[in-house]
file protein32.cif (mmCIF, C-alpha atoms)
data_protein
#
loop_
_atom_site.label_atom_id
_atom_site.label_comp_id
_atom_site.auth_asym_id
_atom_site.auth_seq_id
_atom_site.Cartn_x
_atom_site.Cartn_y
_atom_site.Cartn_z
CA MET L 144 8.87 21.72 -19.14
CA ALA L 145 5.62 20.64 -20.76
CA ARG L 146 2.44 20.79 -18.70
CA VAL L 147 0.86 17.44 -17.93
CA LEU L 148 -2.73 17.22 -19.11
CA GLY L 149 -5.14 16.39 -16.32
CA ALA L 150 -3.91 14.51 -13.30
CA ARG L 151 -1.98 11.89 -15.28
CA LEU L 152 1.47 11.32 -13.88
CA PRO L 153 4.55 11.64 -16.07
CA ALA L 154 6.13 8.27 -16.93
CA GLY L 155 9.01 8.59 -14.43
CA ARG L 156 6.71 9.32 -11.50
CA ARG L 157 4.35 6.56 -12.56
CA VAL L 158 7.26 4.09 -12.58
CA LEU L 159 8.26 5.31 -9.10
CA VAL L 160 4.72 4.71 -7.82
CA TYR L 161 4.66 1.23 -9.38
CA VAL L 162 8.11 0.25 -8.05
CA VAL L 163 7.45 1.45 -4.49
CA GLY L 164 3.90 0.07 -4.42
CA SER L 165 4.96 -3.28 -5.86
CA GLY L 166 7.90 -3.54 -3.45
CA LEU L 167 5.67 -2.72 -0.51
CA TRP L 168 3.01 -5.22 -1.52
CA LEU L 169 5.47 -7.99 -2.45
CA THR L 170 7.51 -7.71 0.76
CA ALA L 171 4.29 -7.81 2.79
CA ASP L 172 3.14 -10.94 0.97
CA LEU L 173 6.53 -12.59 1.47
CA TRP L 174 6.47 -11.71 5.16
CA LEU L 175 2.99 -13.27 5.48
CA VAL L 176 4.11 -16.46 3.76
CA PHE L 177 7.29 -16.78 5.82
CA HIS L 178 5.46 -15.87 9.04
CA TYR L 179 2.68 -18.42 8.74
CA PHE L 180 4.08 -21.32 6.71
CA PRO L 181 7.78 -22.34 6.62
CA GLN L 182 8.52 -22.16 10.34
CA ARG L 183 11.65 -23.89 11.61
CA ARG L 184 12.06 -26.41 14.39
CA GLY L 185 14.90 -25.38 16.69
CA GLU L 186 16.29 -26.27 20.09
CA LEU L 187 13.49 -24.38 21.83
CA GLY L 188 10.65 -25.64 19.62
CA ILE L 189 9.10 -24.14 16.51
CA GLY L 190 10.43 -20.70 15.61
CA PRO L 191 10.23 -18.19 12.81
CA HIS L 192 11.90 -18.75 9.46
CA PRO L 193 15.24 -16.88 9.28
CA LEU L 194 14.02 -14.80 6.31
CA GLU L 195 10.87 -13.55 8.08
CA PRO L 196 12.57 -10.60 9.85
CA TRP L 197 14.31 -9.59 6.60
CA TRP L 198 11.00 -9.34 4.75
CA MET L 199 9.71 -7.13 7.59
CA LYS L 200 12.79 -4.88 7.35
CA PHE L 201 12.41 -4.55 3.58
CA HIS L 202 8.70 -3.88 4.02
CA GLY L 203 9.46 -1.12 6.53
CA ALA L 204 11.93 0.47 4.11
CA PHE L 205 9.36 0.41 1.30
CA GLY L 206 6.84 1.83 3.79
CA PHE L 207 9.00 4.91 4.29
CA GLY L 208 9.27 5.22 0.51
CA ALA L 209 5.50 4.88 0.21
CA LEU L 210 4.96 7.79 2.62
CA TRP L 211 7.22 9.93 0.46
CA VAL L 212 5.43 8.82 -2.73
CA LEU L 213 2.05 9.54 -1.11
CA GLY L 214 3.21 13.08 -0.34
CA LEU L 215 4.37 13.48 -3.94
CA LEU L 216 1.07 12.16 -5.26
CA TRP L 217 -0.91 14.49 -3.03
CA GLY L 218 0.80 17.54 -4.48
CA VAL L 219 0.87 16.56 -8.14
CA HIS L 220 -1.97 14.11 -8.64
CA VAL L 221 -4.66 14.04 -5.95
CA VAL L 222 -5.39 17.75 -5.75
CA GLU L 223 -5.48 18.20 -9.52
CA GLY L 224 -7.52 15.03 -10.08
CA TRP L 225 -10.07 16.13 -7.47
CA ALA L 226 -10.40 19.54 -9.10
CA LEU L 227 -10.95 17.86 -12.47
CA ARG L 228 -13.65 15.66 -10.90
CA LYS L 229 -11.91 12.52 -12.13
CA ARG L 230 -12.05 9.18 -10.36
CA ARG L 231 -13.11 10.76 -7.09
CA LEU L 232 -14.76 7.72 -5.53
CA SER L 233 -11.94 5.29 -6.27
CA GLY L 234 -9.36 7.92 -5.33
CA ALA L 235 -11.06 8.63 -2.01
CA VAL L 236 -11.31 4.90 -1.23
CA LEU L 237 -7.62 4.49 -2.13
CA LEU L 238 -6.62 7.41 0.12
CA VAL L 239 -8.65 6.03 3.03
CA THR L 240 -7.06 2.61 2.47
CA LEU L 241 -3.55 4.11 2.42
CA GLY L 242 -4.36 6.18 5.50
CA LEU L 243 -5.56 3.09 7.37
CA LEU L 244 -2.39 1.24 6.37
CA THR L 245 -0.27 4.16 7.57
CA VAL L 246 -2.02 4.34 10.95
CA THR L 247 -2.01 0.58 11.54
CA GLY L 248 1.63 0.35 10.44
CA TYR L 249 2.52 3.08 12.94
CA LEU L 250 0.58 1.31 15.68
CA LEU L 251 2.29 -2.00 14.94
CA TYR L 252 5.61 -0.31 15.51
CA TYR L 253 4.66 1.40 18.78
CA VAL L 254 1.88 -0.60 20.51
CA GLY L 255 3.33 -2.97 23.08
CA ASP L 256 0.26 -5.01 24.04
CA GLU L 257 0.42 -8.35 22.17
CA GLN L 258 -3.36 -8.83 21.93
CA ALA L 259 -3.78 -5.35 20.45
CA ARG L 260 -0.87 -5.97 18.07
CA GLU L 261 -2.52 -9.19 16.89
CA VAL L 262 -5.75 -7.35 16.00
CA ILE L 263 -3.93 -4.36 14.46
CA GLY L 264 -1.66 -6.71 12.49
CA THR L 265 -4.59 -8.65 11.06
CA VAL L 266 -6.34 -5.43 10.04
CA HIS L 267 -3.09 -4.14 8.52
CA TRP L 268 -2.36 -7.14 6.35
CA ALA L 269 -6.00 -7.70 5.33
CA VAL L 270 -6.33 -4.07 4.21
CA GLY L 271 -2.89 -4.29 2.59
CA LEU L 272 -3.89 -7.30 0.52
CA ALA L 273 -7.10 -5.56 -0.53
CA CYS L 274 -5.16 -2.41 -1.42
CA LEU L 275 -3.99 -3.95 -4.69
CA VAL L 276 -7.59 -4.36 -5.82
CA VAL L 277 -8.44 -0.78 -4.81
CA PHE L 278 -5.40 0.51 -6.73
CA VAL L 279 -6.30 -1.47 -9.88
CA VAL L 280 -9.88 -0.23 -9.71
CA HIS L 281 -8.64 3.37 -9.40
CA ARG L 282 -5.96 3.02 -12.08
CA PHE L 283 -8.38 1.65 -14.63
CA ALA L 284 -11.25 3.94 -13.60
CA LEU L 285 -13.77 1.30 -12.68
CA TRP L 286 -15.48 3.58 -10.14
CA SER L 287 -16.58 7.15 -10.73
CA LEU L 288 -18.96 9.42 -8.79
CA ARG L 289 -20.43 10.80 -11.99
CA ARG L 290 -21.49 8.64 -14.90
CA GLY L 291 -19.56 9.40 -18.03
CA ARG L 292 -16.94 11.50 -16.22
CA GLY L 293 -13.48 10.30 -15.39
CA GLY L 294 -14.19 6.81 -16.62
CA ALA L 295 -11.62 6.61 -19.42
CA PRO L 296 -8.44 4.75 -18.51
CA GLY L 297 -5.40 6.98 -18.36
CA GLY L 298 -7.52 10.11 -18.31
#

call {"tool": "encode", "arguments": {"input": "protein32.cif", "output": "structure tokens"}}
result
Amino acid sequence: MARVLGARLPAGRRVLVYVVGSGLWLTADLWLVFHYFPQRRGELGIGPHPLEPWWMKFHGAFGFGALWVLGLLWGVHVVEGWALRKRRLSGAVLLVTLGLLTVTGYLLYYVGDEQAREVIGTVHWAVGLACLVVFVVHRFALWSLRRGRGGAPGG
């Protein structure tokens, strides 16, 4: 097995990160659209679109996958990248963002108070939408703690 230079992920792991991350982000976006826009009028008034709960279920499944991928990344990417002093700022912001999404996702599942769920839900989806930008910034090394270090894409 050849050693990977730096903290760059092998192609298979990179594809896994992209598939799980894209699935997570896409299912969240679809849930938001189906939650707020195409509601249905029924016997008891306006209700949720029939696909809304399915997008939530798919999002939850991708969320479990994302926790697994985050654990994989910690062991093979984060620790090595930090030691190499590459993309520390964007990596730290991405980790904090993912941590906030994990905590708010957990709270959405277990908090029963509807007012609290409303606030937690808004924080969760707002941070989730912003997460794509944070990931792109990290992936293409647009932020670095040290000038001239860790700024090359793919490095």

call {"tool": "atom_distance", "arguments": {"input": "protein32.cif", "atom1": "atom CA of L:Val160", "atom2": "atom CA of L:Leu272"}}
result
17.0 Å

call {"tool": "residues_around", "arguments": {"input": "protein32.cif", "residues": "stretch 188-200 of chain L", "least_positions_apart": "3", "cutoff": "6 Å", "atoms": "all atoms listed in the file", "output": "MDAnalysis selection string"}}
result
chainID L and resid 170 174 177:178 182:185 203

call {"tool": "atom_distance", "arguments": {"input": "protein32.cif", "atom1": "atom CA of L:Gly255", "atom2": "atom CA of L:Leu243"}}
result
19.0 Å

call {"tool": "closest_residue", "arguments": {"input": "protein32.cif", "among": "L:Val222, L:Val266, L:Ala235, L:Val212", "to": "L:His281", "atoms": "all atoms listed in the file"}}
result
L:Ala235

call {"tool": "residues_around", "arguments": {"input": "protein32.cif", "residues": "L:Thr240", "least_positions_apart": "4", "cutoff": "7 Å", "atoms": "all atoms listed in the file", "output": "list of chain:residue names"}}
result
L:Val236, L:Leu244, L:Val270, L:Cys274

call {"tool": "write_last_selection", "arguments": {"input": "protein32.cif", "atoms": "C-alpha atoms", "output": "PDB file, in the coordinates of the input"}}
result
ATOM      1  CA  VAL L 236     -11.310   4.900  -1.230  1.00  0.00           C
ATOM      2  CA  LEU L 244      -2.390   1.240   6.370  1.00  0.00           C
ATOM      3  CA  VAL L 270      -6.330  -4.070   4.210  1.00  0.00           C
ATOM      4  CA  CYS L 274      -5.160  -2.410  -1.420  1.00  0.00           C
TER       5      CYS L 274
END

call {"tool": "atom_distance", "arguments": {"input": "protein32.cif", "atom1": "atom CA of L:Ser165", "atom2": "atom CA of L:Phe205"}}
result
9.2 Å

call {"tool": "axis_aligned_box", "arguments": {"input": "protein32.cif", "around": "stretch 193-211 of chain L", "padding_each_side": "6 Å", "output": "JSON"}}
result
{"center_x": 10.1, "center_y": -3.5, "center_z": 5.0, "size_x": 22.3, "size_y": 38.8, "size_z": 21.6}

call {"tool": "residues_around", "arguments": {"input": "protein32.cif", "residues": "L:Val219", "least_positions_apart": "4", "cutoff": "8 Å", "atoms": "all atoms listed in the file", "output": "list in words"}}
result
Ala150, Leu152, Leu215 and Glu223 of chain L

call {"tool": "closest_residue", "arguments": {"input": "protein32.cif", "among": "L:Ala284, L:Leu251, L:Arg157, L:Val239", "to": "L:His220", "atoms": "all atoms listed in the file"}}
result
L:Arg157

call {"tool": "residues_around", "arguments": {"input": "protein32.cif", "residues": "L:Phe201", "least_positions_apart": "6", "cutoff": "9 Å", "atoms": "only C-alpha atoms", "output": "count of residues only"}}
result
4

call {"tool": "resolve_selection", "arguments": {"input": "protein32.cif", "expression": "the PyMOL selection byres ((chain L and resi 277) around 9)", "output": "list in words"}}
result
Ser233, Gly234, Val236, Leu237, Thr240, Ala273, Cys274, Leu275, Val276, Phe278, Val279, Val280, His281 and Arg282 of chain L
